[in-house]
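Enquirer: Next up, input-v6.txt (compact mmCIF, C-alpha atoms and all ligand atoms).
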```
# COMPACT_ATOMS: atom_id res chain seq x y z
CA MET A 1 -114.07 75.96 -17.15
CA LYS A 2 -114.69 73.35 -14.49
CA LEU A 3 -112.10 71.17 -12.82
CA THR A 4 -113.27 67.66 -12.03
CA SER A 5 -112.16 65.97 -8.85
CA ASP A 6 -111.01 62.98 -10.97
CA LYS A 7 -108.55 65.25 -12.78
CA ILE A 8 -107.25 66.60 -9.47
CA GLN A 9 -106.85 63.10 -8.03
CA GLU A 10 -105.00 62.02 -11.15
CA LEU A 11 -102.55 64.93 -10.86
CA ASN A 12 -102.07 64.23 -7.16
CA GLN A 13 -100.89 60.66 -7.71
CA SER A 14 -97.22 61.38 -8.40
CA LYS A 15 -96.95 63.58 -5.32
CA LEU A 16 -98.66 61.43 -2.73
CA SER A 17 -95.79 59.26 -1.58
CA SER A 18 -93.40 62.08 -0.71
CA HIS A 19 -96.29 63.91 0.97
CA GLN A 20 -97.05 60.84 3.04
CA GLU A 21 -93.44 60.64 4.19
CA GLU A 22 -93.45 64.27 5.33
CA LEU A 23 -96.82 63.86 6.99
CA ASN A 24 -95.71 60.75 8.90
CA PHE A 25 -92.62 62.52 10.15
CA LEU A 26 -94.61 65.51 11.42
CA SER A 27 -97.49 63.41 12.80
CA ASN A 28 -95.07 61.26 14.83
CA ARG A 29 -93.47 64.32 16.32
CA LEU A 30 -96.82 66.00 17.12
CA SER A 31 -98.29 62.82 18.60
CA LYS A 32 -95.26 62.47 20.88
CA GLU A 33 -95.90 66.04 22.03
CA GLY A 34 -99.46 65.04 22.92
CA HIS A 35 -101.39 66.43 19.94
CA ASP A 36 -104.34 64.61 18.47
CA VAL A 37 -103.33 64.75 14.81
CA GLU A 38 -106.67 63.52 13.45
CA SER A 39 -108.55 66.23 15.27
CA LEU A 40 -106.05 68.87 14.09
CA ILE A 41 -106.63 67.79 10.50
CA GLN A 42 -110.39 67.89 11.00
CA LYS A 43 -110.21 71.47 12.30
CA ILE A 44 -108.16 72.51 9.28
CA LYS A 45 -110.61 70.80 6.94
CA ASP A 46 -113.55 72.61 8.52
CA PHE A 47 -112.01 76.07 8.38
CA GLN A 48 -113.33 77.78 5.24
CA ILE A 49 -112.82 81.37 4.12
CA ALA A 50 -115.05 83.45 1.87
CA VAL A 51 -113.59 85.04 -1.25
CA PRO A 52 -114.70 88.52 -2.28
CA SER A 53 -116.15 88.88 -5.74
CA TRP A 54 -113.99 91.95 -6.34
CA ALA A 55 -110.71 90.12 -5.85
CA LEU A 56 -110.91 88.03 -9.01
CA GLY A 57 -109.81 90.73 -11.41
CA ALA A 58 -106.81 93.05 -11.50
CA GLY A 59 -107.35 95.89 -9.06
CA GLY A 60 -104.97 98.65 -9.97
CA THR A 61 -104.05 101.86 -8.20
CA ARG A 62 -104.97 105.43 -8.92
CA PHE A 63 -101.93 105.55 -11.18
CA GLY A 64 -102.93 102.75 -13.44
CA ARG A 65 -104.27 99.32 -13.96
CA PHE A 66 -102.69 96.40 -15.75
CA GLY A 67 -105.21 93.82 -16.86
CA ILE A 68 -104.24 90.17 -16.52
CA GLY A 69 -106.55 88.82 -19.19
CA GLY A 70 -109.35 86.31 -18.78
CA GLU A 71 -110.87 88.35 -15.94
CA PRO A 72 -114.43 87.35 -15.08
CA ARG A 73 -116.89 89.64 -16.91
CA THR A 74 -120.01 88.66 -15.05
CA LEU A 75 -121.09 87.48 -11.64
CA GLU A 76 -121.47 84.01 -13.11
CA GLU A 77 -117.83 84.03 -14.26
CA LYS A 78 -116.71 85.24 -10.83
CA LEU A 79 -118.51 82.26 -9.32
CA GLU A 80 -116.76 79.99 -11.81
CA ASP A 81 -113.38 81.34 -10.67
CA ILE A 82 -114.30 80.71 -7.06
CA GLY A 83 -115.38 77.22 -8.12
CA LEU A 84 -111.84 76.70 -9.45
CA LEU A 85 -110.36 78.00 -6.21
CA LYS A 86 -112.59 75.69 -4.25
CA ALA A 87 -111.76 72.65 -6.36
CA LEU A 88 -108.03 73.26 -6.03
CA THR A 89 -107.72 74.43 -2.43
CA GLN A 90 -110.85 73.19 -0.63
CA LYS A 91 -110.34 76.21 1.60
CA THR A 92 -113.21 78.37 0.37
CA ASP A 93 -116.86 77.58 -0.01
CA SER A 94 -118.50 80.99 -0.29
CA VAL A 95 -118.41 84.36 -1.99
CA SER A 96 -118.88 87.81 -0.52
CA LEU A 97 -120.72 90.03 -3.02
CA HIS A 98 -120.54 93.80 -3.41
CA ILE A 99 -123.57 95.72 -4.63
CA PRO A 100 -123.80 97.37 -7.16
CA TRP A 101 -120.73 95.62 -8.61
CA ASP A 102 -122.48 92.26 -8.52
CA ILE A 103 -126.20 92.86 -9.03
CA PRO A 104 -127.48 89.48 -10.23
CA SER A 105 -129.57 89.79 -13.38
CA ASP A 106 -130.96 86.29 -12.91
CA VAL A 107 -131.15 85.46 -9.20
CA SER A 108 -132.33 81.88 -9.58
CA GLY A 109 -129.75 81.18 -12.30
CA VAL A 110 -126.97 82.54 -10.08
CA LYS A 111 -128.21 80.52 -7.13
CA GLU A 112 -128.36 77.39 -9.21
CA LEU A 113 -124.82 77.88 -10.53
CA ALA A 114 -123.52 78.55 -7.01
CA THR A 115 -125.20 75.41 -5.68
CA ASP A 116 -123.77 73.41 -8.54
CA LEU A 117 -120.28 74.67 -7.67
CA GLY A 118 -120.83 74.15 -3.93
CA ILE A 119 -120.56 77.87 -3.19
CA GLY A 120 -122.68 79.75 -0.66
CA PHE A 121 -123.24 83.49 -0.23
CA ASP A 122 -121.35 85.05 2.62
CA ALA A 123 -122.00 88.60 3.89
CA MET A 124 -123.25 91.14 1.34
CA ASN A 125 -121.31 94.41 1.02
CA SER A 126 -123.16 97.65 0.40
CA ASN A 127 -121.46 100.49 -1.43
CA THR A 128 -122.15 104.11 -0.59
CA PHE A 129 -118.61 105.26 -1.29
CA GLN A 130 -118.94 105.61 -5.06
CA ASP A 131 -121.36 107.33 -7.39
CA TYR A 132 -122.94 105.00 -9.91
CA GLY A 133 -125.81 107.02 -11.33
CA GLN A 134 -127.92 107.35 -8.19
CA ALA A 135 -129.94 110.58 -7.65
CA GLU A 136 -127.73 112.17 -4.98
CA THR A 137 -123.94 112.16 -4.81
CA TYR A 138 -121.92 110.51 -2.04
CA LYS A 139 -119.09 112.99 -2.56
CA LEU A 140 -119.50 114.36 0.97
CA GLY A 141 -120.66 111.20 2.67
CA SER A 142 -123.57 108.81 2.84
CA LEU A 143 -125.05 107.41 6.06
CA GLY A 144 -123.49 110.30 8.00
CA ASN A 145 -124.09 113.03 5.42
CA ALA A 146 -125.39 116.37 6.72
CA LYS A 147 -128.19 116.21 4.12
CA LYS A 148 -131.10 114.02 5.17
CA SER A 149 -132.08 113.11 1.60
CA ILE A 150 -128.60 111.67 1.02
CA ARG A 151 -128.73 109.69 4.25
CA ASP A 152 -132.14 108.33 3.25
CA GLN A 153 -130.83 107.30 -0.16
CA ALA A 154 -127.88 105.49 1.48
CA VAL A 155 -130.19 103.72 3.94
CA ALA A 156 -132.46 102.67 1.06
CA HIS A 157 -129.44 101.26 -0.81
CA ASN A 158 -128.46 99.14 2.18
CA ILE A 159 -132.02 97.83 2.46
CA GLU A 160 -131.92 96.92 -1.22
CA VAL A 161 -128.66 95.03 -0.61
CA ILE A 162 -130.34 93.11 2.22
CA GLU A 163 -133.21 92.20 -0.11
CA ILE A 164 -130.84 90.90 -2.79
CA GLY A 165 -128.88 88.98 -0.15
CA GLU A 166 -132.05 87.41 1.22
CA LYS A 167 -132.90 86.05 -2.20
CA LEU A 168 -129.44 84.52 -2.50
CA GLY A 169 -129.38 83.03 1.00
CA SER A 170 -126.82 85.36 2.57
CA LYS A 171 -127.01 85.96 6.32
CA GLY A 172 -125.10 89.19 6.78
CA LEU A 173 -124.57 92.77 5.72
CA THR A 174 -121.11 94.32 5.78
CA VAL A 175 -121.11 98.10 6.00
CA TRP A 176 -117.99 100.08 5.31
CA LEU A 177 -118.31 103.85 5.14
CA ALA A 178 -115.89 106.19 3.44
CA ASP A 179 -117.69 109.01 5.29
CA GLY A 180 -115.58 111.66 6.93
CA SER A 181 -113.96 114.92 5.97
CA ASN A 182 -110.78 116.13 4.33
CA PHE A 183 -110.43 119.41 6.20
CA PRO A 184 -111.05 120.68 9.72
CA GLY A 185 -114.38 122.44 9.93
CA GLN A 186 -115.78 120.65 6.90
CA SER A 187 -118.17 118.59 8.98
CA SER A 188 -119.48 118.39 12.51
CA LEU A 189 -117.62 115.52 14.18
CA ARG A 190 -120.41 114.89 16.68
CA ASN A 191 -123.42 115.34 14.41
CA SER A 192 -121.98 113.16 11.68
CA LEU A 193 -121.52 110.37 14.23
CA GLN A 194 -125.11 110.73 15.40
CA TRP A 195 -126.46 110.68 11.85
CA THR A 196 -124.43 107.59 11.12
CA GLN A 197 -125.86 105.92 14.21
CA GLU A 198 -129.44 106.77 13.22
CA SER A 199 -128.90 105.50 9.68
CA LEU A 200 -127.39 102.25 10.94
CA GLN A 201 -130.33 101.79 13.30
CA ALA A 202 -132.74 102.23 10.39
CA ILE A 203 -130.85 99.62 8.34
CA TYR A 204 -130.60 97.18 11.25
CA GLY A 205 -134.37 97.46 11.73
CA LYS A 206 -134.84 96.07 8.22
CA MET A 207 -132.45 93.15 8.63
CA PRO A 208 -134.03 89.68 8.96
CA GLY A 209 -133.83 88.26 12.49
CA ASP A 210 -131.18 85.69 11.55
CA TRP A 211 -128.86 88.22 9.90
CA LYS A 212 -125.88 89.98 11.37
CA MET A 213 -124.44 93.38 10.61
CA LEU A 214 -120.65 93.60 10.24
CA LEU A 215 -119.46 97.15 10.78
CA GLU A 216 -116.04 97.84 9.33
CA TYR A 217 -113.73 100.62 10.53
CA LYS A 218 -110.79 102.33 8.86
CA PRO A 219 -108.68 105.24 10.12
CA TYR A 220 -108.26 107.15 6.89
CA GLU A 221 -108.73 107.05 3.12
CA PRO A 222 -110.49 108.36 1.12
CA ASN A 223 -110.91 111.05 3.76
CA PHE A 224 -107.70 112.30 5.27
CA TYR A 225 -108.73 114.57 8.12
CA HIS A 226 -111.40 112.55 9.83
CA THR A 227 -113.27 109.31 9.22
CA ILE A 228 -116.56 108.83 11.05
CA ILE A 229 -115.80 105.21 11.99
CA PRO A 230 -112.00 105.26 12.33
CA ASP A 231 -111.43 102.47 14.83
CA TRP A 232 -112.78 99.38 16.57
CA GLY A 233 -113.96 101.43 19.55
CA THR A 234 -116.20 103.68 17.50
CA SER A 235 -117.49 100.71 15.53
CA SER A 236 -118.22 98.84 18.75
CA LEU A 237 -119.98 101.85 20.26
CA LEU A 238 -122.21 102.17 17.19
CA CYS A 239 -122.91 98.43 17.12
CA LYS A 240 -123.98 98.44 20.76
CA SER A 241 -126.43 101.25 20.07
CA VAL A 242 -127.81 99.36 17.08
CA GLY A 243 -128.52 95.84 18.39
CA ASP A 244 -127.13 92.47 19.47
CA ARG A 245 -126.52 91.22 15.99
CA ALA A 246 -124.32 94.17 15.01
CA LYS A 247 -120.62 93.48 15.57
CA VAL A 248 -117.22 94.80 14.57
CA LEU A 249 -115.47 93.72 11.38
CA VAL A 250 -111.68 93.77 11.49
CA ASP A 251 -109.99 94.42 8.15
CA LEU A 252 -106.31 93.77 8.80
CA GLY A 253 -105.26 96.70 6.60
CA HIS A 254 -107.44 99.21 8.39
CA HIS A 255 -105.01 100.19 11.13
CA LEU A 256 -102.28 102.72 11.58
CA PRO A 257 -98.80 101.15 11.28
CA ASN A 258 -97.72 98.98 14.23
CA THR A 259 -101.19 98.77 15.77
CA ASN A 260 -101.51 95.70 17.98
CA ILE A 261 -104.30 93.98 16.04
CA GLU A 262 -104.20 90.82 18.15
CA GLN A 263 -105.03 92.93 21.17
CA ILE A 264 -108.01 94.44 19.34
CA VAL A 265 -109.16 90.91 18.52
CA ALA A 266 -108.80 89.86 22.17
CA THR A 267 -110.71 92.91 23.39
CA LEU A 268 -113.53 92.38 20.91
CA MET A 269 -113.81 88.68 21.73
CA TYR A 270 -113.82 89.54 25.43
CA GLN A 271 -117.02 91.45 24.74
CA ASP A 272 -118.42 88.97 22.19
CA MET A 273 -118.19 91.80 19.67
CA LEU A 274 -116.11 90.34 16.86
CA ALA A 275 -118.15 89.98 13.68
CA GLY A 276 -115.42 88.77 11.39
CA PHE A 277 -112.34 89.45 9.33
CA HIS A 278 -111.19 90.89 6.09
CA PHE A 279 -107.84 89.15 5.64
CA ASN A 280 -105.03 90.86 3.76
CA ASP A 281 -101.60 92.21 4.61
CA SER A 282 -99.93 95.59 4.55
CA LYS A 283 -96.67 97.39 5.06
CA TYR A 284 -98.03 100.89 5.36
CA GLY A 285 -101.80 101.29 5.21
CA ASP A 286 -104.72 99.65 3.44
CA ASP A 287 -102.31 98.02 0.99
CA ASP A 288 -104.55 95.00 0.36
CA LEU A 289 -101.54 92.74 -0.18
CA THR A 290 -101.60 88.96 0.02
CA THR A 291 -102.45 87.71 3.50
CA GLY A 292 -99.34 86.64 5.38
CA SER A 293 -96.93 88.02 2.77
CA ILE A 294 -95.58 90.81 4.99
CA LYS A 295 -96.33 90.00 8.63
CA PRO A 296 -96.92 86.27 9.07
CA TYR A 297 -96.03 86.43 12.78
CA GLN A 298 -98.77 88.99 13.35
CA LEU A 299 -101.23 86.74 11.56
CA PHE A 300 -100.16 83.84 13.79
CA LEU A 301 -100.59 85.96 16.94
CA ILE A 302 -104.06 87.01 15.76
CA PHE A 303 -104.97 83.34 15.31
CA CYS A 304 -103.59 82.60 18.78
CA GLU A 305 -106.13 85.07 20.19
CA LEU A 306 -108.91 83.67 18.04
CA VAL A 307 -108.20 80.07 19.01
CA SER A 308 -107.77 80.83 22.70
CA GLY A 309 -110.77 83.19 22.80
CA ALA A 310 -112.96 80.49 21.29
CA GLU A 311 -111.52 77.66 23.46
CA ASP A 312 -112.00 79.72 26.63
CA GLY A 313 -115.61 80.48 25.66
CA ALA A 314 -115.20 84.24 25.24
CA GLN A 315 -116.83 84.08 21.81
CA ALA A 316 -117.96 81.12 19.75
CA TRP A 317 -115.75 80.29 16.76
CA GLU A 318 -118.85 79.71 14.61
CA SER A 319 -120.10 83.26 15.24
CA ILE A 320 -117.09 84.74 13.41
CA SER A 321 -117.07 85.31 9.63
CA TRP A 322 -113.90 84.82 7.61
CA MET A 323 -113.28 86.69 4.42
CA ILE A 324 -110.38 87.79 2.27
CA ASP A 325 -110.31 91.41 1.11
CA ALA A 326 -107.37 91.94 -1.19
CA SER A 327 -106.46 93.61 -4.43
CA HIS A 328 -104.12 92.33 -7.10
CA ASN A 329 -102.04 94.67 -9.14
CA THR A 330 -99.13 92.54 -10.24
CA LYS A 331 -100.17 88.94 -9.62
CA ASP A 332 -102.70 86.61 -11.18
CA PRO A 333 -105.60 87.01 -8.70
CA ILE A 334 -106.39 83.30 -8.62
CA GLU A 335 -102.78 82.41 -7.78
CA ASP A 336 -102.66 85.21 -5.22
CA LEU A 337 -105.85 83.99 -3.55
CA MET A 338 -104.39 80.47 -3.39
CA GLN A 339 -101.35 81.88 -1.60
CA ALA A 340 -103.59 83.80 0.81
CA LEU A 341 -105.76 80.77 1.58
CA GLU A 342 -102.63 78.70 2.22
CA MET A 343 -101.15 81.26 4.60
CA ILE A 344 -104.42 81.57 6.51
CA GLY A 345 -104.53 77.79 6.88
CA VAL A 346 -100.88 77.63 7.94
CA CYS A 347 -101.13 80.38 10.60
CA PHE A 348 -104.38 78.94 11.92
CA THR A 349 -102.74 75.51 12.24
CA LYS A 350 -99.66 76.91 13.99
CA ALA A 351 -101.97 78.63 16.51
CA LEU A 352 -103.64 75.26 17.19
CA LEU A 353 -100.22 73.88 18.19
CA VAL A 354 -99.56 76.36 20.98
CA ASP A 355 -99.22 74.56 24.30
CA ARG A 356 -101.77 76.72 26.07
CA LYS A 357 -101.43 75.00 29.45
CA LYS A 358 -97.71 75.63 29.49
CA LEU A 359 -98.21 79.19 28.25
CA SER A 360 -100.70 79.91 31.03
CA ALA A 361 -98.29 78.52 33.61
CA CYS A 362 -95.51 80.74 32.25
CA GLN A 363 -97.80 83.76 32.44
CA ILE A 364 -98.74 83.02 36.04
CA GLU A 365 -95.16 82.35 37.08
CA GLY A 366 -93.91 85.43 35.26
CA ASP A 367 -91.68 83.31 33.01
CA VAL A 368 -91.35 85.75 30.14
CA VAL A 369 -88.75 83.70 28.27
CA GLY A 370 -90.75 80.50 28.68
CA ALA A 371 -93.89 82.18 27.31
CA GLN A 372 -92.05 83.33 24.23
CA GLU A 373 -90.59 79.84 23.76
CA CYS A 374 -94.14 78.42 23.79
CA LEU A 375 -95.22 80.71 20.98
CA GLN A 376 -92.04 80.22 18.97
CA ALA A 377 -92.25 76.43 19.25
CA ALA A 378 -95.60 76.58 17.46
CA PHE A 379 -94.72 79.37 15.04
CA GLN A 380 -91.48 77.78 13.86
CA CYS A 381 -93.07 74.40 13.20
CA ASP A 382 -93.53 73.70 9.49
CA VAL A 383 -97.18 72.62 9.46
CA ARG A 384 -97.59 72.51 5.69
CA PRO A 385 -97.91 68.70 5.55
CA LEU A 386 -100.95 68.94 7.86
CA VAL A 387 -102.54 71.69 5.77
CA LYS A 388 -101.84 69.68 2.62
CA GLU A 389 -103.29 66.51 4.14
CA ALA A 390 -106.49 68.37 5.10
CA ARG A 391 -106.76 69.67 1.54
CA ILE A 392 -106.21 66.23 0.01
CA GLN A 393 -108.77 64.64 2.34
CA ASN A 394 -111.27 67.30 1.24
CA GLY A 395 -110.59 66.42 -2.41
CA GLY A 396 -108.23 69.29 -3.26
CA ALA A 397 -104.89 69.38 -5.02
CA CYS A 398 -101.59 68.44 -3.38
CA ASP A 399 -100.11 71.59 -4.79
CA PRO A 400 -102.85 73.96 -6.07
CA ILE A 401 -100.60 76.52 -7.77
CA SER A 402 -98.63 73.96 -9.73
CA VAL A 403 -101.85 72.27 -10.90
CA TYR A 404 -103.21 75.67 -11.94
CA ARG A 405 -100.05 76.30 -13.94
CA GLU A 406 -99.76 72.79 -15.33
CA LEU A 407 -103.30 72.95 -16.68
CA GLU A 408 -102.66 76.45 -18.07
CA ILE A 409 -105.90 77.66 -16.56
CA ARG A 410 -105.21 81.38 -17.06
CA LYS A 411 -104.49 80.75 -20.73
CA LYS A 412 -107.79 78.91 -21.06
CA LEU A 413 -109.64 81.74 -19.31
CA ILE A 414 -108.04 84.24 -21.71
CA ASN A 415 -109.14 82.10 -24.64
CA THR A 416 -112.77 82.10 -23.53
CA ARG A 417 -113.06 85.56 -21.98
CA GLY A 418 -110.56 87.57 -23.98
CA ALA A 419 -107.22 89.21 -23.25
CA ASP A 420 -108.77 92.48 -22.12
CA SER A 421 -111.88 91.31 -20.34
CA ARG A 422 -112.54 93.44 -17.32
CA SER A 423 -114.23 92.57 -14.12
CA THR A 424 -116.53 94.88 -12.16
CA GLY A 425 -115.17 96.17 -8.89
CA LEU A 426 -112.33 98.31 -7.73
C1 LIG A 501 -112.49 99.54 2.16
C2 LIG A 501 -112.71 98.08 1.99
C3 LIG A 501 -114.14 97.69 2.28
C4 LIG A 501 -114.70 97.70 0.89
C5 LIG A 501 -113.59 97.02 0.13
C6 LIG A 501 -113.67 97.04 -1.35
O1 LIG A 501 -111.14 99.90 2.09
O2 LIG A 501 -111.82 97.35 2.79
O3 LIG A 501 -114.23 96.42 2.83
O4 LIG A 501 -115.93 97.07 0.77
O5 LIG A 501 -112.46 97.69 0.64
MN MN A 502 -112.39 95.51 3.85
MN MN A 503 -109.82 98.22 2.78
```
For the structure just supplied, provide its representation as structure tokens.

Expert:
Amino acid sequence: MKLTSDKIQELNQSKLSSHQEELNFLSNRLSKEGHDVESLIQKIKDFQIAVPSWALGAGGTRFGRFGIGGEPRTLEEKLEDIGLLKALTQKTDSVSLHIPWDIPSDVSGVKELATDLGIGFDAMNSNTFQDYGQAETYKLGSLGNAKKSIRDQAVAHNIEVIEIGEKLGSKGLTVWLADGSNFPGQSSLRNSLQWTQESLQAIYGKMPGDWKMLLEYKPYEPNFYHTIIPDWGTSSLLCKSVGDRAKVLVDLGHHLPNTNIEQIVATLMYQDMLAGFHFNDSKYGDDDLTTGSIKPYQLFLIFCELVSGAEDGAQAWESISWMIDASHNTKDPIEDLMQALEMIGVCFTKALLVDRKKLSACQIEGDVVGAQECLQAAFQCDVRPLVKEARIQNGGACDPISVYRELEIRKKLINTRGADSRSTGL
């Protein structure tokens, strides 16, 4: 199903006057504080986040999976769902595909549909952490496997992913490796790192000159003794040995509890080494929960680093890729993604409000309390009218979730796709 912008405008009508009142109130206050409200709204409008193809169906855990019905059965249907998200939120304009979950059977048809929906192809994700009928098993690793034939197979898969991505117009390859070991002695810590490096170099050599490699790290899972790329430092080290266009991907869930992720972001930007993000949230580990649902203050602090790093010229904003990577076990994925996109927009906007001049002065003068006040003043401000205004100006819905519910979109998807349709992915 397709949502027309006329329908969205029509549904917005009854909500516009109260929105305008709230917006005027906030705009007056921000203007008095010296903010350029028009330029804030423009920045929010421009900030777009890619949606992963695997987040449109119910994920599940190793204990079970509860289908939500109407899940997209094909790549085309996944694109249609992202089209709905785009129409409602105007906060996403691209999809991040995972191969082999999303091998397009008709590349030009898929491209045409995407163009029609206004959706581009963000970074491609390779998959050497599952077996899906390939000659050699990835049970004991892929790019860093002790067996050369397995490493070669994994390299060849990544090259295939690049080729598919090139046809679709993608400009990046995201590599996440499950490689590691479950028990001490199972693998050589040093050799497996070297093999991984050599494999990545071989893949990088096959990447088009205008592509970037995004190398994701994760401390544990599915291996629980050692993971070859456990942290940003190891990822950065490998990237530097591979080439200029290889950079570190930060997945917010890929840290041990209480890790200072904003510091990692600052350090990576300091070196121009931040490739991009996988947004999600977590309480314990790689929980893949809705972005901003558990630690919104952390998300705000991360955006403070991103905004200041870009404004200070440490790393260009445009060089960073933005993606969601979440899983939905109990919520309707489309509603969940709308919540995530909203929270990303809100925390980004709050970070734009930080009085950076004042903050710098506090830091220099050693005014610890004053510095905290600067951050809190921005964090506590309810910026939702600005985020809403940006969405409306882009043609989106005043309130995306209520429109989605009012139009009974899930029910319609179930009617066309079936109550137990299943999407490919995790
Ligand atoms: C690994 C990961 C990685 C995968 C995705 C499905 O935990 O974050 O990005 O590609 O999940
Ligand atoms: Mn990820
Ligand atoms: Mn993950």

Enquirer: Set out as JSON lines a contact list for chain A and ligand LIG 501 (chain A) with a cut-off of 7 Å, giving each residue of chain A that qualifies its closest atom pair and distance in Å to one decimal, counting all atoms listed in the file, ordered by chain and rising residue number.

Expert:
```
{"residue": "A:Asn125", "atom": "CA", "partner": "A:LIG501", "partner_atom": "O4", "distance": 6.0}
{"residue": "A:Asn127", "atom": "CA", "partner": "A:LIG501", "partner_atom": "O4", "distance": 6.9}
{"residue": "A:Trp176", "atom": "CA", "partner": "A:LIG501", "partner_atom": "C3", "distance": 5.5}
{"residue": "A:Glu216", "atom": "CA", "partner": "A:LIG501", "partner_atom": "O3", "distance": 6.9}
{"residue": "A:Asp251", "atom": "CA", "partner": "A:LIG501", "partner_atom": "O2", "distance": 6.4}
{"residue": "A:Asp286", "atom": "CA", "partner": "A:LIG501", "partner_atom": "O1", "distance": 6.6}
{"residue": "A:Asp325", "atom": "CA", "partner": "A:LIG501", "partner_atom": "O2", "distance": 6.4}
{"residue": "A:Leu426", "atom": "CA", "partner": "A:LIG501", "partner_atom": "C6", "distance": 6.6}
```

Enquirer: Output C-alpha atoms for every residue in the selection just made, as a PDB file, in the frame of the given file.

Expert:
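See again.pdb below for the written result:
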```
ATOM      1  CA  ASN A 125    -121.310  94.410   1.020  1.00  0.00           C
ATOM      2  CA  ASN A 127    -121.460 100.490  -1.430  1.00  0.00           C
ATOM      3  CA  TRP A 176    -117.990 100.080   5.310  1.00  0.00           C
ATOM      4  CA  GLU A 216    -116.040  97.840   9.330  1.00  0.00           C
ATOM      5  CA  ASP A 251    -109.990  94.420   8.150  1.00  0.00           C
ATOM      6  CA  ASP A 286    -104.720  99.650   3.440  1.00  0.00           C
ATOM      7  CA  ASP A 325    -110.310  91.410   1.110  1.00  0.00           C
ATOM      8  CA  LEU A 426    -112.330  98.310  -7.730  1.00  0.00           C
TER       9      LEU A 426
END
```

Enquirer: Set the distance at 12 Å and use all atoms listed in the file: which residues neighbour segment 407-415 of chain A once local chain neighbours fewer than 2 positions away are removed? I'd like the list as a PDB file with C-alpha atoms, in the frame of the given file.

Expert:
```
ATOM      1  CA  MET A   1    -114.070  75.960 -17.150  1.00  0.00           C
ATOM      2  CA  LYS A   2    -114.690  73.350 -14.490  1.00  0.00           C
ATOM      3  CA  LEU A   3    -112.100  71.170 -12.820  1.00  0.00           C
ATOM      4  CA  LYS A   7    -108.550  65.250 -12.780  1.00  0.00           C
ATOM      5  CA  ILE A   8    -107.250  66.600  -9.470  1.00  0.00           C
ATOM      6  CA  LEU A  11    -102.550  64.930 -10.860  1.00  0.00           C
ATOM      7  CA  LEU A  56    -110.910  88.030  -9.010  1.00  0.00           C
ATOM      8  CA  GLY A  57    -109.810  90.730 -11.410  1.00  0.00           C
ATOM      9  CA  GLY A  67    -105.210  93.820 -16.860  1.00  0.00           C
ATOM     10  CA  ILE A  68    -104.240  90.170 -16.520  1.00  0.00           C
ATOM     11  CA  GLY A  69    -106.550  88.820 -19.190  1.00  0.00           C
ATOM     12  CA  GLY A  70    -109.350  86.310 -18.780  1.00  0.00           C
ATOM     13  CA  GLU A  71    -110.870  88.350 -15.940  1.00  0.00           C
ATOM     14  CA  PRO A  72    -114.430  87.350 -15.080  1.00  0.00           C
ATOM     15  CA  ARG A  73    -116.890  89.640 -16.910  1.00  0.00           C
ATOM     16  CA  GLU A  77    -117.830  84.030 -14.260  1.00  0.00           C
ATOM     17  CA  LYS A  78    -116.710  85.240 -10.830  1.00  0.00           C
ATOM     18  CA  GLU A  80    -116.760  79.990 -11.810  1.00  0.00           C
ATOM     19  CA  ASP A  81    -113.380  81.340 -10.670  1.00  0.00           C
ATOM     20  CA  LEU A  84    -111.840  76.700  -9.450  1.00  0.00           C
ATOM     21  CA  LEU A  85    -110.360  78.000  -6.210  1.00  0.00           C
ATOM     22  CA  LEU A  88    -108.030  73.260  -6.030  1.00  0.00           C
ATOM     23  CA  LYS A 331    -100.170  88.940  -9.620  1.00  0.00           C
ATOM     24  CA  ASP A 332    -102.700  86.610 -11.180  1.00  0.00           C
ATOM     25  CA  PRO A 333    -105.600  87.010  -8.700  1.00  0.00           C
ATOM     26  CA  ILE A 334    -106.390  83.300  -8.620  1.00  0.00           C
ATOM     27  CA  GLU A 335    -102.780  82.410  -7.780  1.00  0.00           C
ATOM     28  CA  PRO A 400    -102.850  73.960  -6.070  1.00  0.00           C
ATOM     29  CA  ILE A 401    -100.600  76.520  -7.770  1.00  0.00           C
ATOM     30  CA  SER A 402     -98.630  73.960  -9.730  1.00  0.00           C
ATOM     31  CA  VAL A 403    -101.850  72.270 -10.900  1.00  0.00           C
ATOM     32  CA  TYR A 404    -103.210  75.670 -11.940  1.00  0.00           C
ATOM     33  CA  ARG A 405    -100.050  76.300 -13.940  1.00  0.00           C
ATOM     34  CA  ARG A 417    -113.060  85.560 -21.980  1.00  0.00           C
ATOM     35  CA  GLY A 418    -110.560  87.570 -23.980  1.00  0.00           C
ATOM     36  CA  ALA A 419    -107.220  89.210 -23.250  1.00  0.00           C
ATOM     37  CA  ASP A 420    -108.770  92.480 -22.120  1.00  0.00           C
ATOM     38  CA  SER A 421    -111.880  91.310 -20.340  1.00  0.00           C
ATOM     39  CA  ARG A 422    -112.540  93.440 -17.320  1.00  0.00           C
TER      40      ARG A 422
END
```

Enquirer: Taking all atoms listed in the file into account, name the residue in A:Ile228, A:Leu200, A:Ala314, A:Cys398 that is nearest to Ser181 of chain A.

Expert: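 Closest candidate: A:Ile228.
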
Enquirer: Would you mind listing what lies within 12 Å of segment 354-359 of chain A as a ChimeraX atom specification, with only C-alpha atoms counted and same-chain residues fewer than 5 positions away left out?

Expert: /A:30,33-35,300-301,303-305,307-309,311-312,347-349,364-381

Enquirer: Find the residue from A:Gln153, A:Glu198, A:Val51, A:Asp106 that sits nearest to ligand MN 502 (chain A); use all atoms listed in the file when measuring.

Expert: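 Checking each candidate against ligand MN 502 (chain A), we get A:Val51 as the closest.
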
Enquirer: Looking at all atoms listed in the file, which of A:Ile162, A:Ala361, A:Ile261, A:Val346 is the one that sits closest to Ile99 of chain A?

Expert: A:Ile162
